[in-house]
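So this one's work.cif, mmCIF, C-alpha atoms:
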data_query
#
loop_
_atom_site.label_atom_id
_atom_site.label_comp_id
_atom_site.auth_asym_id
_atom_site.auth_seq_id
_atom_site.Cartn_x
_atom_site.Cartn_y
_atom_site.Cartn_z
CA MET Q 257 -51.69 9.61 -50.65
CA LEU Q 258 -49.02 10.54 -53.19
CA LEU Q 259 -49.89 14.23 -52.90
CA CYS Q 260 -49.58 14.01 -49.13
CA ALA Q 261 -46.22 12.20 -49.49
CA ASP Q 262 -44.99 14.89 -51.89
CA ASN Q 263 -46.05 17.67 -49.51
CA ILE Q 264 -44.31 15.95 -46.60
CA ASP Q 265 -41.20 15.60 -48.76
CA LYS Q 266 -41.15 19.39 -49.21
CA LEU Q 267 -40.82 19.88 -45.44
CA ILE Q 268 -37.68 17.77 -45.02
CA PRO Q 269 -35.11 20.21 -46.49
CA PHE Q 270 -36.40 23.01 -44.24
CA THR Q 271 -36.06 20.78 -41.18
CA ARG Q 272 -32.50 19.83 -42.12
CA ARG Q 273 -31.64 23.47 -42.83
CA ALA Q 274 -33.00 24.52 -39.44
CA ALA Q 275 -30.75 21.94 -37.74
CA ALA Q 276 -27.73 23.20 -39.72
CA LEU Q 277 -28.47 26.81 -38.80
CA LEU Q 278 -28.91 25.91 -35.15
CA GLN Q 279 -25.56 24.11 -35.22
CA GLU Q 280 -23.92 27.46 -36.05
CA VAL Q 281 -25.40 29.25 -33.02
CA ARG Q 282 -22.79 30.31 -30.45
CA VAL Q 283 -23.90 31.59 -27.07
CA GLU Q 284 -21.27 33.89 -25.60
CA PRO Q 285 -22.99 36.11 -23.04
CA GLY Q 286 -19.92 36.96 -20.98
CA ALA Q 287 -18.22 35.56 -17.90
CA PHE Q 288 -20.37 36.21 -14.85
CA TYR Q 289 -22.69 33.94 -12.87
CA HIS Q 290 -25.91 34.36 -14.88
CA ALA Q 291 -24.05 34.36 -18.19
CA ASN Q 292 -22.40 31.07 -17.27
CA GLN Q 293 -25.81 29.61 -16.40
CA ILE Q 294 -27.27 30.76 -19.73
CA ARG Q 295 -24.32 29.30 -21.63
CA ALA Q 296 -24.55 25.99 -19.72
CA LYS Q 297 -28.31 25.65 -20.35
CA ILE Q 298 -28.05 26.47 -24.04
CA SER Q 299 -24.76 24.80 -24.98
CA GLY Q 300 -23.93 22.55 -22.03
CA LEU Q 301 -20.84 22.74 -19.86
CA ASN Q 302 -18.55 21.54 -22.66
CA ALA Q 303 -20.57 22.98 -25.57
CA ASP Q 304 -21.77 19.49 -26.44
CA SER Q 305 -25.13 19.22 -24.71
CA GLY Q 306 -27.90 21.51 -23.49
CA LEU Q 307 -30.92 22.86 -25.32
CA LYS Q 308 -29.05 23.49 -28.54
CA GLU Q 309 -27.93 19.88 -28.99
CA ARG Q 310 -31.29 18.59 -27.82
CA TYR Q 311 -33.13 20.58 -30.48
CA ILE Q 312 -30.63 19.63 -33.17
CA LYS Q 313 -31.44 15.99 -32.35
CA VAL Q 314 -35.16 16.79 -32.43
CA LEU Q 315 -34.85 18.39 -35.87
CA HIS Q 316 -32.90 15.39 -37.16
CA ASP Q 317 -35.54 13.05 -35.69
CA LEU Q 318 -38.25 15.12 -37.36
CA ALA Q 319 -36.50 14.93 -40.74
CA GLN Q 320 -36.11 11.16 -40.33
CA GLY Q 321 -39.74 10.74 -39.28
CA LEU Q 322 -41.01 12.84 -42.16
CA GLY Q 323 -38.88 10.86 -44.60
CA ASP Q 324 -40.17 7.56 -43.28
CA LEU Q 325 -43.75 8.83 -43.31
CA ARG Q 326 -43.32 9.95 -46.93
CA ASP Q 327 -41.89 6.55 -47.89
CA ASP Q 328 -44.63 4.65 -46.04
CA LEU Q 329 -47.32 6.70 -47.76
CA LYS Q 330 -45.78 5.98 -51.15
CA VAL Q 331 -45.78 2.25 -50.41
CA LEU Q 332 -49.43 2.42 -49.36
CA ALA Q 333 -50.29 4.44 -52.47
CA ASN Q 334 -48.79 1.70 -54.62
CA GLN Q 335 -50.70 -1.02 -52.75
CA TYR Q 336 -54.00 0.86 -52.72
CA THR Q 337 -54.23 2.62 -56.08
CA THR Q 338 -57.86 3.72 -55.87
CA LEU Q 339 -60.09 5.17 -53.17
CA GLU Q 340 -62.08 1.96 -53.27
CA ASP Q 341 -58.92 -0.06 -52.60
CA ALA Q 342 -57.93 2.28 -49.77
CA GLY Q 343 -61.42 1.93 -48.30
CA ARG Q 344 -60.76 -1.81 -47.90
CA MET Q 345 -57.46 -1.25 -46.10
CA LYS Q 346 -57.33 -2.91 -42.70
CA ALA Q 347 -56.22 -0.96 -39.66
CA THR Q 348 -53.49 -3.56 -39.08
CA ASP Q 349 -52.11 -2.90 -42.59
CA LEU Q 350 -51.88 0.80 -41.82
CA GLN Q 351 -50.35 0.12 -38.41
CA LYS Q 352 -47.70 -2.21 -39.85
CA SER Q 353 -46.88 0.30 -42.55
CA MET Q 354 -46.36 3.12 -40.05
CA GLN Q 355 -44.28 1.25 -37.42
CA SER Q 356 -40.95 2.85 -38.35
CA THR Q 357 -42.55 6.27 -38.40
CA SER Q 358 -43.98 5.76 -34.94
CA SER Q 359 -40.55 4.99 -33.46
CA ASP Q 360 -39.07 8.07 -35.19
CA PHE Q 361 -41.60 10.36 -33.56
CA THR Q 362 -41.14 8.62 -30.20
CA SER Q 363 -37.42 9.41 -30.49
CA LEU Q 364 -38.31 13.00 -31.24
CA VAL Q 365 -40.31 13.25 -28.02
CA THR Q 366 -37.66 11.61 -25.85
CA ASP Q 367 -34.83 13.67 -27.39
CA ALA Q 368 -36.87 16.78 -26.55
CA GLY Q 369 -36.91 15.66 -22.92
CA GLY Q 370 -40.37 14.11 -22.82
CA SER Q 371 -41.47 10.56 -22.28
CA GLY Q 372 -42.55 8.76 -25.43
CA GLY Q 373 -44.95 6.19 -24.11
CA GLY Q 374 -48.31 7.11 -25.60
CA GLY Q 375 -48.30 5.02 -28.79
CA SER Q 376 -49.28 1.56 -29.98
#

Reformat the file's structure so that it appears as structure tokens.
Amino acid sequence: MLLCADNIDKLIPFTRRAAALLQEVRVEPGAFYHANQIRAKISGLNADSGLKERYIKVLHDLAQGLGDLRDDLKVLANQYTTLEDAGRMKATDLQKSMQSTSSDFTSLVTDAGGSGGGGS
């Protein structure tokens, strides 16, 4: 579990960096009908919404979810120090441990424009 938590931890900086790089993107295709539509879809009418902002939120949600998943796995690893201990873990213990992570990934889905209703 600790190895998995450490590997998840390695993904977080890349997710945050991707959000920062996306924040710097400027769509300036010109000033004609189709260009205005492209700009509006990517950046929103006032450059504060659209696909760009949606995906920045998704990347932030992903970083938050990965961080919470990492932390939850570390807590479980401390509670269940051996494979034998982990084998006795109850499904409810795992479910309780992962509740915050579940809501993070639901936010990710809804911020991407989907409906996050498939979980627990």

Inset, instruction - Report the residues retrieved by the PyMOL selection byres ((chain Q and resi 270-272) around 12) from the displayed file, expressed as a list in words. - result: Ile264, Asp265, Lys266, Leu267, Ile268, Pro269, Arg273, Ala274, Ala275, Ala276, Leu277, Leu278, Gln279, Tyr311, Ile312, Lys313, Val314, Leu315, His316, Asp317, Leu318, Ala319, Gln320, Gly321, Leu322 and Gly323 of chain Q

Go ahead and dump the residues you just picked, C-alpha atoms, as an mmCIF file, in the coordinates of the input.
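The resulting file, part-v6.cif, is reproduced below:
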data_model
loop_
_atom_site.group_PDB
_atom_site.id
_atom_site.type_symbol
_atom_site.label_atom_id
_atom_site.label_comp_id
_atom_site.auth_asym_id
_atom_site.auth_seq_id
_atom_site.Cartn_x
_atom_site.Cartn_y
_atom_site.Cartn_z
ATOM 1 C CA ILE Q 264 -44.310 15.950 -46.600
ATOM 2 C CA ASP Q 265 -41.200 15.600 -48.760
ATOM 3 C CA LYS Q 266 -41.150 19.390 -49.210
ATOM 4 C CA LEU Q 267 -40.820 19.880 -45.440
ATOM 5 C CA ILE Q 268 -37.680 17.770 -45.020
ATOM 6 C CA PRO Q 269 -35.110 20.210 -46.490
ATOM 7 C CA ARG Q 273 -31.640 23.470 -42.830
ATOM 8 C CA ALA Q 274 -33.000 24.520 -39.440
ATOM 9 C CA ALA Q 275 -30.750 21.940 -37.740
ATOM 10 C CA ALA Q 276 -27.730 23.200 -39.720
ATOM 11 C CA LEU Q 277 -28.470 26.810 -38.800
ATOM 12 C CA LEU Q 278 -28.910 25.910 -35.150
ATOM 13 C CA GLN Q 279 -25.560 24.110 -35.220
ATOM 14 C CA TYR Q 311 -33.130 20.580 -30.480
ATOM 15 C CA ILE Q 312 -30.630 19.630 -33.170
ATOM 16 C CA LYS Q 313 -31.440 15.990 -32.350
ATOM 17 C CA VAL Q 314 -35.160 16.790 -32.430
ATOM 18 C CA LEU Q 315 -34.850 18.390 -35.870
ATOM 19 C CA HIS Q 316 -32.900 15.390 -37.160
ATOM 20 C CA ASP Q 317 -35.540 13.050 -35.690
ATOM 21 C CA LEU Q 318 -38.250 15.120 -37.360
ATOM 22 C CA ALA Q 319 -36.500 14.930 -40.740
ATOM 23 C CA GLN Q 320 -36.110 11.160 -40.330
ATOM 24 C CA GLY Q 321 -39.740 10.740 -39.280
ATOM 25 C CA LEU Q 322 -41.010 12.840 -42.160
ATOM 26 C CA GLY Q 323 -38.880 10.860 -44.600
#

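Taking atom CA of Q:Ser363 as the reference point, atom CA of Q:Glu280 is found at 23.2 Å.
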
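Here atom CA of Q:Leu332 is placed at a distance of 28.7 Å from atom CA of Q:Asp367.
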
Legend entry - Pairwise distance for atom CA of Q:Leu364 and atom CA of Q:Leu350, rounded to one decimal in Å: 21.1 Å

Can you tell me, as AutoDock Vina command-line options, the centre and edge lengths (Å, one decimal) of the axis-aligned box enclosing all of stretch 283-286 of chain Q's listed atoms after padding each side by 5 Å?
--center_x -21.9 --center_y 34.3 --center_z -24.0 --size_x 14.0 --size_y 15.4 --size_z 16.1

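When only C-alpha atoms are used to compute distances to Q:Ser358, the closest of the residues Q:Ala296, Q:Cys260, Q:Glu309, Q:Asp328 turns out to be Q:Asp328.
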
Inset, instruction - Please provide as JSON, numbers by chain all residues within 10 Å of Q:Gly286, with the sequence filter that same-chain residues fewer than 6 positions apart are discarded (counting only C-alpha atoms). - result: {"Q": [292, 294, 295]}
